[in-house]
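Novice: Sharing coords_1.cif below, mmCIF, C-alpha atoms and all ligand atoms:
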data_protein
loop_
_atom_site.group_PDB
_atom_site.id
_atom_site.type_symbol
_atom_site.label_atom_id
_atom_site.label_comp_id
_atom_site.auth_asym_id
_atom_site.auth_seq_id
_atom_site.Cartn_x
_atom_site.Cartn_y
_atom_site.Cartn_z
ATOM 1 C CA MET A 6 11.074 -10.524 -11.710
ATOM 2 C CA SER A 7 7.871 -8.449 -11.509
ATOM 3 C CA ALA A 8 7.375 -5.811 -8.826
ATOM 4 C CA ILE A 9 7.413 -7.039 -5.247
ATOM 5 C CA VAL A 10 5.701 -5.111 -2.447
ATOM 6 C CA ALA A 11 5.709 -5.510 1.332
ATOM 7 C CA GLY A 12 2.821 -5.351 3.783
ATOM 8 C CA VAL A 13 3.118 -4.897 7.547
ATOM 9 C CA ASP A 14 0.300 -5.326 10.058
ATOM 10 C CA LEU A 15 1.528 -3.701 13.268
ATOM 11 C CA GLY A 16 -0.572 -5.130 16.090
ATOM 12 C CA GLY A 17 -0.407 -4.789 19.850
ATOM 13 C CA THR A 18 0.421 -8.505 20.208
ATOM 14 C CA SER A 19 2.258 -9.390 17.016
ATOM 15 C CA VAL A 20 3.731 -7.815 13.918
ATOM 16 C CA LYS A 21 2.898 -9.607 10.672
ATOM 17 C CA VAL A 22 5.050 -9.039 7.608
ATOM 18 C CA ALA A 23 4.504 -10.302 4.061
ATOM 19 C CA LEU A 24 5.825 -9.887 0.557
ATOM 20 C CA ALA A 25 3.467 -10.092 -2.405
ATOM 21 C CA ASP A 26 3.596 -9.829 -6.180
ATOM 22 C CA GLN A 27 1.883 -7.109 -8.172
ATOM 23 C CA ASP A 28 -1.345 -9.132 -8.292
ATOM 24 C CA GLY A 29 -1.461 -9.143 -4.486
ATOM 25 C CA GLN A 30 -0.546 -12.833 -4.196
ATOM 26 C CA LEU A 31 1.268 -13.460 -0.913
ATOM 27 C CA LEU A 32 4.697 -14.941 -1.694
ATOM 28 C CA THR A 33 6.017 -15.301 1.826
ATOM 29 C CA HIS A 34 5.128 -14.074 5.282
ATOM 30 C CA SER A 35 6.185 -14.232 8.905
ATOM 31 C CA SER A 36 5.368 -12.692 12.253
ATOM 32 C CA PHE A 37 7.071 -11.837 15.524
ATOM 33 C CA PRO A 38 5.813 -10.750 18.963
ATOM 34 C CA THR A 39 5.407 -6.997 19.400
ATOM 35 C CA GLN A 40 7.802 -5.795 22.059
ATOM 36 C CA SER A 41 5.588 -2.803 22.622
ATOM 37 C CA HIS A 42 7.453 -1.849 25.825
ATOM 38 C CA ARG A 43 10.512 -1.013 23.719
ATOM 39 C CA GLU A 44 11.308 2.172 21.827
ATOM 40 C CA PRO A 45 9.464 2.617 18.512
ATOM 41 C CA GLU A 46 12.812 2.655 16.679
ATOM 42 C CA VAL A 47 13.568 -0.861 17.971
ATOM 43 C CA ILE A 48 10.300 -2.197 16.578
ATOM 44 C CA LEU A 49 10.753 -0.364 13.263
ATOM 45 C CA ARG A 50 14.262 -1.812 13.030
ATOM 46 C CA GLN A 51 12.844 -5.317 13.605
ATOM 47 C CA ILE A 52 10.352 -4.710 10.794
ATOM 48 C CA CYS A 53 13.185 -3.713 8.445
ATOM 49 C CA ASP A 54 15.175 -6.812 9.405
ATOM 50 C CA GLN A 55 12.144 -9.011 8.789
ATOM 51 C CA VAL A 56 11.426 -7.472 5.382
ATOM 52 C CA THR A 57 15.084 -7.927 4.428
ATOM 53 C CA ALA A 58 15.067 -11.561 5.585
ATOM 54 C CA LEU A 59 11.942 -12.332 3.536
ATOM 55 C CA ARG A 60 13.424 -10.557 0.538
ATOM 56 C CA THR A 61 16.614 -12.621 0.786
ATOM 57 C CA GLN A 62 14.532 -15.761 1.115
ATOM 58 C CA LEU A 63 12.811 -14.930 -2.192
ATOM 59 C CA GLY A 64 16.077 -13.933 -3.843
ATOM 60 C CA CYS A 65 14.726 -10.513 -4.734
ATOM 61 C CA THR A 66 16.988 -7.484 -4.606
ATOM 62 C CA SER A 67 14.490 -4.717 -3.903
ATOM 63 C CA ILE A 68 10.876 -3.974 -3.098
ATOM 64 C CA THR A 69 8.788 -1.323 -4.824
ATOM 65 C CA ALA A 70 6.690 -0.125 -1.917
ATOM 66 C CA LEU A 71 5.666 -0.942 1.627
ATOM 67 C CA GLY A 72 2.235 -0.495 3.219
ATOM 68 C CA LEU A 73 1.806 -0.499 6.995
ATOM 69 C CA GLY A 74 -1.415 -0.718 9.007
ATOM 70 C CA ALA A 75 -1.132 0.832 12.486
ATOM 71 C CA PRO A 76 -3.625 0.469 15.341
ATOM 72 C CA GLY A 77 -4.547 4.100 15.910
ATOM 73 C CA LEU A 78 -4.454 7.580 14.474
ATOM 74 C CA VAL A 79 -1.961 8.260 11.693
ATOM 75 C CA GLU A 80 -1.092 11.502 9.884
ATOM 76 C CA ILE A 81 -1.550 10.290 6.338
ATOM 77 C CA SER A 82 0.475 12.898 4.447
ATOM 78 C CA SER A 83 3.719 12.261 6.342
ATOM 79 C CA GLY A 84 3.138 8.690 7.567
ATOM 80 C CA THR A 85 3.613 9.823 11.164
ATOM 81 C CA THR A 86 1.778 8.057 13.992
ATOM 82 C CA ARG A 87 -0.220 10.426 16.220
ATOM 83 C CA PHE A 88 -1.887 8.153 18.785
ATOM 84 C CA LEU A 89 -1.588 4.364 19.124
ATOM 85 C CA PRO A 90 -3.625 3.721 22.298
ATOM 86 C CA ASN A 91 -2.133 0.317 23.147
ATOM 87 C CA PHE A 92 1.524 1.342 22.934
ATOM 88 C CA PRO A 93 3.514 3.055 25.705
ATOM 89 C CA GLY A 94 3.930 6.728 24.856
ATOM 90 C CA HIS A 95 1.235 6.206 22.222
ATOM 91 C CA TRP A 96 3.862 6.577 19.480
ATOM 92 C CA GLN A 97 3.081 10.284 19.278
ATOM 93 C CA GLY A 98 5.009 11.880 16.440
ATOM 94 C CA VAL A 99 6.905 8.748 15.349
ATOM 95 C CA ARG A 100 7.936 9.274 11.728
ATOM 96 C CA VAL A 101 7.266 5.705 10.646
ATOM 97 C CA ALA A 102 7.185 6.234 6.877
ATOM 98 C CA GLU A 103 10.386 8.307 6.904
ATOM 99 C CA PHE A 104 12.284 5.664 8.924
ATOM 100 C CA LEU A 105 11.165 2.734 6.754
ATOM 101 C CA ARG A 106 11.692 4.666 3.510
ATOM 102 C CA ARG A 107 15.266 5.499 4.492
ATOM 103 C CA GLU A 108 16.147 1.992 5.660
ATOM 104 C CA LEU A 109 14.444 0.004 2.906
ATOM 105 C CA SER A 110 14.837 2.423 -0.023
ATOM 106 C CA CYS A 111 11.233 2.155 -1.170
ATOM 107 C CA SER A 112 8.107 4.292 -1.007
ATOM 108 C CA VAL A 113 6.000 3.795 2.127
ATOM 109 C CA ARG A 114 2.391 4.473 3.045
ATOM 110 C CA VAL A 115 0.938 4.201 6.555
ATOM 111 C CA LEU A 116 -2.764 3.951 7.375
ATOM 112 C CA ASN A 117 -4.965 2.998 10.313
ATOM 113 C CA ASP A 118 -5.153 -0.817 10.414
ATOM 114 C CA ALA A 119 -8.960 -1.066 10.140
ATOM 115 C CA ARG A 120 -8.971 1.273 7.157
ATOM 116 C CA ALA A 121 -6.181 -0.839 5.602
ATOM 117 C CA ALA A 122 -8.254 -3.998 6.202
ATOM 118 C CA THR A 123 -11.213 -2.289 4.519
ATOM 119 C CA LEU A 124 -8.998 -1.565 1.519
ATOM 120 C CA GLY A 125 -7.951 -5.235 1.490
ATOM 121 C CA GLU A 126 -11.573 -6.364 1.499
ATOM 122 C CA LEU A 127 -12.331 -3.894 -1.301
ATOM 123 C CA ARG A 128 -9.464 -5.042 -3.538
ATOM 124 C CA PHE A 129 -9.087 -8.724 -2.677
ATOM 125 C CA GLY A 130 -12.240 -9.749 -0.792
ATOM 126 C CA HIS A 131 -15.992 -9.382 -1.207
ATOM 127 C CA GLY A 132 -15.599 -5.856 -2.612
ATOM 128 C CA ARG A 133 -14.558 -7.345 -5.951
ATOM 129 C CA GLU A 134 -18.043 -8.814 -6.491
ATOM 130 C CA PHE A 135 -19.711 -5.397 -6.660
ATOM 131 C CA PRO A 136 -18.453 -2.881 -9.255
ATOM 132 C CA GLY A 137 -18.313 0.610 -7.739
ATOM 133 C CA VAL A 138 -19.202 -0.882 -4.372
ATOM 134 C CA THR A 139 -20.391 1.090 -1.357
ATOM 135 C CA MET A 140 -19.339 -0.865 1.716
ATOM 136 C CA ALA A 141 -18.897 -0.642 5.469
ATOM 137 C CA TRP A 142 -16.301 -2.842 7.199
ATOM 138 C CA PHE A 143 -16.607 -3.662 10.907
ATOM 139 C CA GLY A 144 -13.416 -5.025 12.502
ATOM 140 C CA LEU A 145 -14.603 -6.809 15.661
ATOM 141 C CA GLY A 146 -11.339 -7.480 17.460
ATOM 142 C CA THR A 147 -9.734 -6.323 20.702
ATOM 143 C CA GLY A 148 -11.355 -3.018 19.826
ATOM 144 C CA VAL A 149 -13.935 -2.327 17.147
ATOM 145 C CA GLY A 150 -12.527 -0.593 14.088
ATOM 146 C CA GLY A 151 -14.090 0.175 10.765
ATOM 147 C CA GLY A 152 -13.834 1.633 7.334
ATOM 148 C CA ILE A 153 -16.094 3.101 4.680
ATOM 149 C CA VAL A 154 -15.958 2.653 0.915
ATOM 150 C CA ILE A 155 -18.175 4.882 -1.248
ATOM 151 C CA ASP A 156 -18.586 4.244 -4.965
ATOM 152 C CA GLY A 157 -15.541 1.985 -5.032
ATOM 153 C CA ARG A 158 -13.213 4.339 -3.114
ATOM 154 C CA LEU A 159 -11.995 4.113 0.454
ATOM 155 C CA ARG A 160 -12.979 7.372 2.191
ATOM 156 C CA ILE A 161 -10.702 8.283 5.074
ATOM 157 C CA GLY A 162 -11.310 12.009 5.616
ATOM 158 C CA PRO A 163 -8.674 14.672 6.340
ATOM 159 C CA LEU A 164 -7.262 12.876 9.407
ATOM 160 C CA GLY A 165 -7.590 9.352 8.052
ATOM 161 C CA ALA A 166 -10.170 8.879 10.797
ATOM 162 C CA ALA A 167 -13.406 8.492 8.815
ATOM 163 C CA GLY A 168 -15.081 5.160 9.476
ATOM 164 C CA GLU A 169 -14.682 4.808 13.257
ATOM 165 C CA LEU A 170 -17.791 2.619 13.295
ATOM 166 C CA GLY A 171 -16.956 1.152 16.704
ATOM 167 C CA HIS A 172 -17.396 4.469 18.461
ATOM 168 C CA GLN A 173 -21.019 5.173 17.668
ATOM 169 C CA THR A 174 -23.304 5.066 20.704
ATOM 170 C CA VAL A 175 -25.504 1.970 20.858
ATOM 171 C CA VAL A 176 -26.216 1.880 24.625
ATOM 172 C CA PRO A 177 -27.087 5.422 25.838
ATOM 173 C CA ASP A 178 -26.614 4.503 29.512
ATOM 174 C CA GLY A 179 -23.850 1.962 28.944
ATOM 175 C CA VAL A 180 -20.311 1.751 30.270
ATOM 176 C CA ARG A 181 -17.466 4.132 29.488
ATOM 177 C CA CYS A 182 -15.421 3.410 26.384
ATOM 178 C CA GLY A 183 -11.653 3.861 25.991
ATOM 179 C CA CYS A 184 -12.421 6.848 23.729
ATOM 180 C CA GLY A 185 -14.196 8.654 26.598
ATOM 181 C CA ASN A 186 -17.768 8.259 25.321
ATOM 182 C CA ILE A 187 -20.442 6.160 27.037
ATOM 183 C CA GLY A 188 -21.923 3.026 25.460
ATOM 184 C CA CYS A 189 -19.924 2.807 22.217
ATOM 185 C CA LEU A 190 -20.377 -0.302 20.068
ATOM 186 C CA GLU A 191 -16.825 -1.243 21.129
ATOM 187 C CA THR A 192 -17.945 -1.599 24.764
ATOM 188 C CA VAL A 193 -20.327 -4.422 23.819
ATOM 189 C CA ALA A 194 -19.126 -6.005 20.568
ATOM 190 C CA SER A 195 -15.355 -6.274 21.008
ATOM 191 C CA GLY A 196 -13.720 -9.625 21.759
ATOM 192 C CA PRO A 197 -12.926 -8.629 25.380
ATOM 193 C CA ALA A 198 -16.493 -7.353 25.978
ATOM 194 C CA VAL A 199 -18.082 -10.591 24.762
ATOM 195 C CA THR A 200 -15.523 -12.731 26.582
ATOM 196 C CA ALA A 201 -16.106 -10.815 29.832
ATOM 197 C CA ALA A 202 -19.839 -11.489 29.541
ATOM 198 C CA GLY A 203 -19.072 -15.194 29.005
ATOM 199 C CA VAL A 204 -16.784 -15.332 32.037
ATOM 200 C CA ARG A 205 -19.510 -13.736 34.165
ATOM 201 C CA LEU A 206 -21.996 -16.427 33.089
ATOM 202 C CA LEU A 207 -19.388 -19.140 33.738
ATOM 203 C CA LEU A 208 -18.611 -17.905 37.254
ATOM 204 C CA SER A 209 -22.266 -17.323 38.158
ATOM 205 C CA GLY A 210 -23.262 -20.891 37.296
ATOM 206 C CA GLN A 211 -25.446 -19.929 34.339
ATOM 207 C CA ALA A 212 -23.409 -21.716 31.683
ATOM 208 C CA PRO A 213 -22.989 -25.451 32.424
ATOM 209 C CA ALA A 214 -22.142 -26.378 28.836
ATOM 210 C CA LEU A 215 -19.559 -23.601 28.629
ATOM 211 C CA HIS A 216 -18.158 -24.801 31.961
ATOM 212 C CA ARG A 217 -17.723 -28.293 30.501
ATOM 213 C CA ILE A 218 -16.179 -27.028 27.234
ATOM 214 C CA VAL A 219 -13.575 -24.819 28.950
ATOM 215 C CA GLU A 220 -13.118 -27.309 31.828
ATOM 216 C CA GLY A 221 -14.051 -24.574 34.285
ATOM 217 C CA ARG A 222 -11.109 -22.390 33.217
ATOM 218 C CA SER A 223 -12.192 -18.820 32.629
ATOM 219 C CA GLU A 224 -9.100 -18.025 30.545
ATOM 220 C CA ARG A 225 -10.416 -20.421 27.884
ATOM 221 C CA VAL A 226 -13.664 -18.485 27.452
ATOM 222 C CA CYS A 227 -13.755 -16.747 24.059
ATOM 223 C CA PRO A 228 -16.363 -16.123 21.353
ATOM 224 C CA ALA A 229 -15.579 -19.503 19.737
ATOM 225 C CA THR A 230 -16.070 -21.554 22.937
ATOM 226 C CA MET A 231 -19.181 -19.509 23.746
ATOM 227 C CA LEU A 232 -20.590 -20.395 20.321
ATOM 228 C CA GLN A 233 -19.979 -24.089 21.045
ATOM 229 C CA ALA A 234 -21.988 -23.744 24.263
ATOM 230 C CA ALA A 235 -24.783 -21.634 22.791
ATOM 231 C CA ASP A 236 -27.021 -24.537 21.719
ATOM 232 C CA GLU A 237 -27.257 -25.807 25.303
ATOM 233 C CA ASP A 238 -26.722 -22.697 27.422
ATOM 234 C CA THR A 239 -29.664 -20.322 27.020
ATOM 235 C CA ALA A 240 -27.848 -17.485 28.803
ATOM 236 C CA VAL A 241 -24.810 -17.774 26.526
ATOM 237 C CA ARG A 242 -27.028 -17.825 23.443
ATOM 238 C CA GLU A 243 -28.897 -14.742 24.690
ATOM 239 C CA THR A 244 -25.608 -12.913 25.283
ATOM 240 C CA LEU A 245 -24.309 -13.641 21.789
ATOM 241 C CA THR A 246 -27.653 -12.736 20.226
ATOM 242 C CA SER A 247 -27.997 -9.451 22.114
ATOM 243 C CA THR A 248 -24.415 -8.553 21.117
ATOM 244 C CA ALA A 249 -25.272 -9.283 17.478
ATOM 245 C CA GLU A 250 -28.456 -7.194 17.818
ATOM 246 C CA LEU A 251 -26.485 -4.171 19.059
ATOM 247 C CA LEU A 252 -24.075 -4.651 16.162
ATOM 248 C CA GLY A 253 -27.188 -4.840 13.974
ATOM 249 C CA ILE A 254 -28.337 -1.441 15.263
ATOM 250 C CA ALA A 255 -24.937 0.032 14.407
ATOM 251 C CA ALA A 256 -25.093 -1.581 10.963
ATOM 252 C CA ALA A 257 -28.665 -0.336 10.423
ATOM 253 C CA ASN A 258 -27.497 3.205 11.237
ATOM 254 C CA VAL A 259 -24.788 2.871 8.595
ATOM 255 C CA VAL A 260 -27.307 1.462 6.102
ATOM 256 C CA SER A 261 -29.630 4.447 6.681
ATOM 257 C CA VAL A 262 -26.773 6.859 6.036
ATOM 258 C CA LEU A 263 -25.037 5.158 3.088
ATOM 259 C CA HIS A 264 -27.413 2.575 1.554
ATOM 260 C CA PRO A 265 -24.401 0.316 0.952
ATOM 261 C CA ASP A 266 -24.247 -2.800 -1.195
ATOM 262 C CA LEU A 267 -22.284 -4.577 1.454
ATOM 263 C CA ILE A 268 -21.687 -4.774 5.206
ATOM 264 C CA VAL A 269 -18.603 -6.878 6.028
ATOM 265 C CA LEU A 270 -17.876 -8.264 9.490
ATOM 266 C CA GLY A 271 -14.261 -9.137 10.305
ATOM 267 C CA GLY A 272 -12.062 -9.705 13.352
ATOM 268 C CA GLY A 273 -12.136 -12.408 16.020
ATOM 269 C CA LEU A 274 -15.822 -12.027 16.875
ATOM 270 C CA ALA A 275 -16.677 -12.983 13.290
ATOM 271 C CA GLU A 276 -15.888 -16.550 14.444
ATOM 272 C CA ILE A 277 -19.460 -16.784 15.706
ATOM 273 C CA GLY A 278 -20.438 -16.816 12.041
ATOM 274 C CA ASN A 279 -24.045 -17.227 10.927
ATOM 275 C CA LEU A 280 -25.476 -16.174 14.284
ATOM 276 C CA LEU A 281 -23.809 -12.812 13.696
ATOM 277 C CA THR A 282 -24.649 -12.299 10.014
ATOM 278 C CA GLU A 283 -28.246 -13.537 10.277
ATOM 279 C CA THR A 284 -28.993 -11.407 13.347
ATOM 280 C CA VAL A 285 -27.434 -8.295 11.794
ATOM 281 C CA GLN A 286 -29.400 -8.867 8.580
ATOM 282 C CA ARG A 287 -32.633 -9.242 10.579
ATOM 283 C CA VAL A 288 -32.064 -6.057 12.580
ATOM 284 C CA ILE A 289 -31.312 -4.120 9.389
ATOM 285 C CA ARG A 290 -34.620 -5.379 7.930
ATOM 286 C CA ASP A 291 -36.460 -4.435 11.143
ATOM 287 C CA ARG A 292 -34.958 -0.980 11.580
ATOM 288 C CA VAL A 293 -34.455 0.458 8.108
ATOM 289 C CA GLY A 294 -37.877 1.401 6.764
ATOM 290 C CA MET A 295 -37.121 4.253 4.419
ATOM 291 C CA PHE A 296 -36.015 2.096 1.490
ATOM 292 C CA PRO A 297 -35.775 -1.592 0.558
ATOM 293 C CA VAL A 298 -32.767 -3.376 2.024
ATOM 294 C CA ASP A 299 -33.027 -6.629 0.059
ATOM 295 C CA ASN A 300 -29.834 -5.775 -1.802
ATOM 296 C CA VAL A 301 -27.820 -4.874 1.296
ATOM 297 C CA HIS A 302 -25.621 -7.933 1.768
ATOM 298 C CA VAL A 303 -24.111 -8.870 5.140
ATOM 299 C CA ARG A 304 -21.001 -11.046 4.884
ATOM 300 C CA LEU A 305 -18.175 -12.343 7.043
ATOM 301 C CA SER A 306 -14.814 -11.051 5.821
ATOM 302 C CA ALA A 307 -13.396 -13.087 2.945
ATOM 303 C CA LEU A 308 -9.900 -12.443 4.306
ATOM 304 C CA GLY A 309 -10.322 -13.779 7.857
ATOM 305 C CA GLN A 310 -7.410 -13.145 10.201
ATOM 306 C CA ARG A 311 -5.239 -11.986 7.287
ATOM 307 C CA ALA A 312 -7.435 -8.942 6.540
ATOM 308 C CA GLY A 313 -4.977 -6.463 8.049
ATOM 309 C CA LEU A 314 -1.981 -7.940 6.245
ATOM 310 C CA VAL A 315 -3.757 -8.164 2.889
ATOM 311 C CA GLY A 316 -4.890 -4.577 3.442
ATOM 312 C CA ALA A 317 -1.297 -3.472 3.983
ATOM 313 C CA ILE A 318 -0.345 -5.203 0.722
ATOM 314 C CA ALA A 319 -3.192 -3.389 -1.071
ATOM 315 C CA LEU A 320 -1.906 -0.131 0.412
ATOM 316 C CA ALA A 321 1.579 -0.807 -0.955
ATOM 317 C CA LEU A 322 0.163 -1.647 -4.383
ATOM 318 C CA GLU A 323 -1.825 1.605 -4.401
ATOM 319 C CA GLU A 324 1.289 3.511 -3.341
ATOM 320 C CA SER A 325 3.215 2.056 -6.263
ATOM 321 C CA GLU A 326 0.227 2.636 -8.590
ATOM 322 C CA LEU A 327 -0.058 -1.067 -9.378
ATOM 323 C CA LEU A 328 -3.692 -1.214 -8.231
HETATM 324 ZN ZN ZN A 401 -15.690 4.711 22.019
#
As structure tokens, what does this structure read like?
Ligand SMILES: [Zn+2]
Specialist:
Amino acid sequence: MSAIVAGVDLGGTSVKVALADQDGQLLTHSSFPTQSHREPEVILRQICDQVTALRTQLGCTSITALGLGAPGLVEISSGTTRFLPNFPGHWQGVRVAEFLRRELSCSVRVLNDARAATLGELRFGHGREFPGVTMAWFGLGTGVGGGIVIDGRLRIGPLGAAGELGHQTVVPDGVRCGCGNIGCLETVASGPAVTAAGVRLLLSGQAPALHRIVEGRSERVCPATMLQAADEDTAVRETLTSTAELLGIAAANVVSVLHPDLIVLGGGLAEIGNLLTETVQRVIRDRVGMFPVDNVHVRLSALGQRAGLVGAIALALEESELL
């Protein structure tokens, strides 16, 4: 049997695990709820058990490498987590790579999850269409992550932190972000930020179509239900458009700095689709005047909700020098 690698997307809500062949084809995958209140070792043990179960299911005796995407700051050289904001204790100093390497007898690489997703998009998504691509990836999820590819290579910087596109200021007098800054892109273009704006419109009687679609239940408000209401509810449409315009400003800033071939939008907010891509493209045209932007393409992620997992697989393939 050819080389088999494992990918792990460690999220605050669920842990996704997959095995893939050396071409990056997913062979089998599963997920389990993240018991983030428990000790890191318990969760790492669960990951090992899951990888072993999938391996047994495939009848394969060993895996070559494992890639893991983690939601926060990771010390790349040792595969040690430094700060995972959504986990108790923030997983400071947890030697993730060492634990998994010892238990699974394979090489292990750990990277921030948004950077891993960017790598996935580069290797198995839209990045493949552009040789030597320069690309920015926006992950519009619970937070807003990102990643930067220059001339076909993921650039992560000395701390693995390069590409924090969600923490650029887009509203100078905005609200405080989890990172401590005021008015970051994350405060307006994350799933929770957009949903909160939708709930406000619902409860203030400005969104009758949204009210009908969610049957008056605020917990059903999300970017997808807001999009359904946007044709009828002017206020909902304006909210989604102004969110996309602020994302467009962030993207235009990146375009001015990098002149990329490609801007890719992933994460849950990407569900609002064309409204997002068309608005971002328009704002880039409006705000970048120093050079032509006709060849700067704005796309929704080709990998959808699997971007993080596919990225972890790509990471494992790079670690085992199969990519
Ligand atoms: Zn921030």
Novice: Select, from A:Gly132, A:Leu105, A:Leu208, A:Gly313, the residue with the minimum atom-to-atom distance to Gly16 in chain A, counting all atoms listed in the file.
Specialist: A:Gly313
Novice: List the residues selected by the PyMOL selection byres (((chain A and resi 182) around 12) and not hetatm) in the file shown, writing them as a PDB file with C-alpha atoms, keeping the file's coordinate frame.
Specialist:
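Output file out-v8.pdb is given in full below:
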ATOM      1  CA  GLY A 148     -11.355  -3.018  19.826  1.00  0.00           C
ATOM      2  CA  VAL A 149     -13.935  -2.327  17.147  1.00  0.00           C
ATOM      3  CA  GLY A 171     -16.956   1.152  16.704  1.00  0.00           C
ATOM      4  CA  HIS A 172     -17.396   4.469  18.461  1.00  0.00           C
ATOM      5  CA  GLN A 173     -21.019   5.173  17.668  1.00  0.00           C
ATOM      6  CA  THR A 174     -23.304   5.066  20.704  1.00  0.00           C
ATOM      7  CA  VAL A 175     -25.504   1.970  20.858  1.00  0.00           C
ATOM      8  CA  VAL A 176     -26.216   1.880  24.625  1.00  0.00           C
ATOM      9  CA  PRO A 177     -27.087   5.422  25.838  1.00  0.00           C
ATOM     10  CA  ASP A 178     -26.614   4.503  29.512  1.00  0.00           C
ATOM     11  CA  GLY A 179     -23.850   1.962  28.944  1.00  0.00           C
ATOM     12  CA  VAL A 180     -20.311   1.751  30.270  1.00  0.00           C
ATOM     13  CA  ARG A 181     -17.466   4.132  29.488  1.00  0.00           C
ATOM     14  CA  GLY A 183     -11.653   3.861  25.991  1.00  0.00           C
ATOM     15  CA  CYS A 184     -12.421   6.848  23.729  1.00  0.00           C
ATOM     16  CA  GLY A 185     -14.196   8.654  26.598  1.00  0.00           C
ATOM     17  CA  ASN A 186     -17.768   8.259  25.321  1.00  0.00           C
ATOM     18  CA  ILE A 187     -20.442   6.160  27.037  1.00  0.00           C
ATOM     19  CA  GLY A 188     -21.923   3.026  25.460  1.00  0.00           C
ATOM     20  CA  CYS A 189     -19.924   2.807  22.217  1.00  0.00           C
ATOM     21  CA  LEU A 190     -20.377  -0.302  20.068  1.00  0.00           C
ATOM     22  CA  GLU A 191     -16.825  -1.243  21.129  1.00  0.00           C
ATOM     23  CA  THR A 192     -17.945  -1.599  24.764  1.00  0.00           C
ATOM     24  CA  VAL A 193     -20.327  -4.422  23.819  1.00  0.00           C
ATOM     25  CA  ALA A 194     -19.126  -6.005  20.568  1.00  0.00           C
ATOM     26  CA  SER A 195     -15.355  -6.274  21.008  1.00  0.00           C
ATOM     27  CA  ALA A 198     -16.493  -7.353  25.978  1.00  0.00           C
TER      28      ALA A 198
END
Novice: Give me the result of the PyMOL selection byres (((chain A and resi 73-83) around 9) and not hetatm) on this file, residue by residue, as a PyMOL selection string.
Specialist: chain A and resi 11-17+71-72+84-91+95+98+100-103+113-122+163-166+313-314+316-318+320-321
Novice: Store the residues picked out above in a file with C-alpha atoms, as a PDB file, in the coordinates of the input.
Specialist:
ATOM      1  CA  ALA A  11       5.709  -5.510   1.332  1.00  0.00           C
ATOM      2  CA  GLY A  12       2.821  -5.351   3.783  1.00  0.00           C
ATOM      3  CA  VAL A  13       3.118  -4.897   7.547  1.00  0.00           C
ATOM      4  CA  ASP A  14       0.300  -5.326  10.058  1.00  0.00           C
ATOM      5  CA  LEU A  15       1.528  -3.701  13.268  1.00  0.00           C
ATOM      6  CA  GLY A  16      -0.572  -5.130  16.090  1.00  0.00           C
ATOM      7  CA  GLY A  17      -0.407  -4.789  19.850  1.00  0.00           C
ATOM      8  CA  LEU A  71       5.666  -0.942   1.627  1.00  0.00           C
ATOM      9  CA  GLY A  72       2.235  -0.495   3.219  1.00  0.00           C
ATOM     10  CA  GLY A  84       3.138   8.690   7.567  1.00  0.00           C
ATOM     11  CA  THR A  85       3.613   9.823  11.164  1.00  0.00           C
ATOM     12  CA  THR A  86       1.778   8.057  13.992  1.00  0.00           C
ATOM     13  CA  ARG A  87      -0.220  10.426  16.220  1.00  0.00           C
ATOM     14  CA  PHE A  88      -1.887   8.153  18.785  1.00  0.00           C
ATOM     15  CA  LEU A  89      -1.588   4.364  19.124  1.00  0.00           C
ATOM     16  CA  PRO A  90      -3.625   3.721  22.298  1.00  0.00           C
ATOM     17  CA  ASN A  91      -2.133   0.317  23.147  1.00  0.00           C
ATOM     18  CA  HIS A  95       1.235   6.206  22.222  1.00  0.00           C
ATOM     19  CA  GLY A  98       5.009  11.880  16.440  1.00  0.00           C
ATOM     20  CA  ARG A 100       7.936   9.274  11.728  1.00  0.00           C
ATOM     21  CA  VAL A 101       7.266   5.705  10.646  1.00  0.00           C
ATOM     22  CA  ALA A 102       7.185   6.234   6.877  1.00  0.00           C
ATOM     23  CA  GLU A 103      10.386   8.307   6.904  1.00  0.00           C
ATOM     24  CA  VAL A 113       6.000   3.795   2.127  1.00  0.00           C
ATOM     25  CA  ARG A 114       2.391   4.473   3.045  1.00  0.00           C
ATOM     26  CA  VAL A 115       0.938   4.201   6.555  1.00  0.00           C
ATOM     27  CA  LEU A 116      -2.764   3.951   7.375  1.00  0.00           C
ATOM     28  CA  ASN A 117      -4.965   2.998  10.313  1.00  0.00           C
ATOM     29  CA  ASP A 118      -5.153  -0.817  10.414  1.00  0.00           C
ATOM     30  CA  ALA A 119      -8.960  -1.066  10.140  1.00  0.00           C
ATOM     31  CA  ARG A 120      -8.971   1.273   7.157  1.00  0.00           C
ATOM     32  CA  ALA A 121      -6.181  -0.839   5.602  1.00  0.00           C
ATOM     33  CA  ALA A 122      -8.254  -3.998   6.202  1.00  0.00           C
ATOM     34  CA  PRO A 163      -8.674  14.672   6.340  1.00  0.00           C
ATOM     35  CA  LEU A 164      -7.262  12.876   9.407  1.00  0.00           C
ATOM     36  CA  GLY A 165      -7.590   9.352   8.052  1.00  0.00           C
ATOM     37  CA  ALA A 166     -10.170   8.879  10.797  1.00  0.00           C
ATOM     38  CA  GLY A 313      -4.977  -6.463   8.049  1.00  0.00           C
ATOM     39  CA  LEU A 314      -1.981  -7.940   6.245  1.00  0.00           C
ATOM     40  CA  GLY A 316      -4.890  -4.577   3.442  1.00  0.00           C
ATOM     41  CA  ALA A 317      -1.297  -3.472   3.983  1.00  0.00           C
ATOM     42  CA  ILE A 318      -0.345  -5.203   0.722  1.00  0.00           C
ATOM     43  CA  LEU A 320      -1.906  -0.131   0.412  1.00  0.00           C
ATOM     44  CA  ALA A 321       1.579  -0.807  -0.955  1.00  0.00           C
TER      45      ALA A 321
END
Novice: Considering only C-alpha atoms, return as a ChimeraX atom specification whatever protein or nucleic-acid residues lie within 9 Å of Arg128 in chain A, sequence-local ones (same chain, fewer than 5 positions apart) excluded.
Specialist: /A:123,133,316,319,328
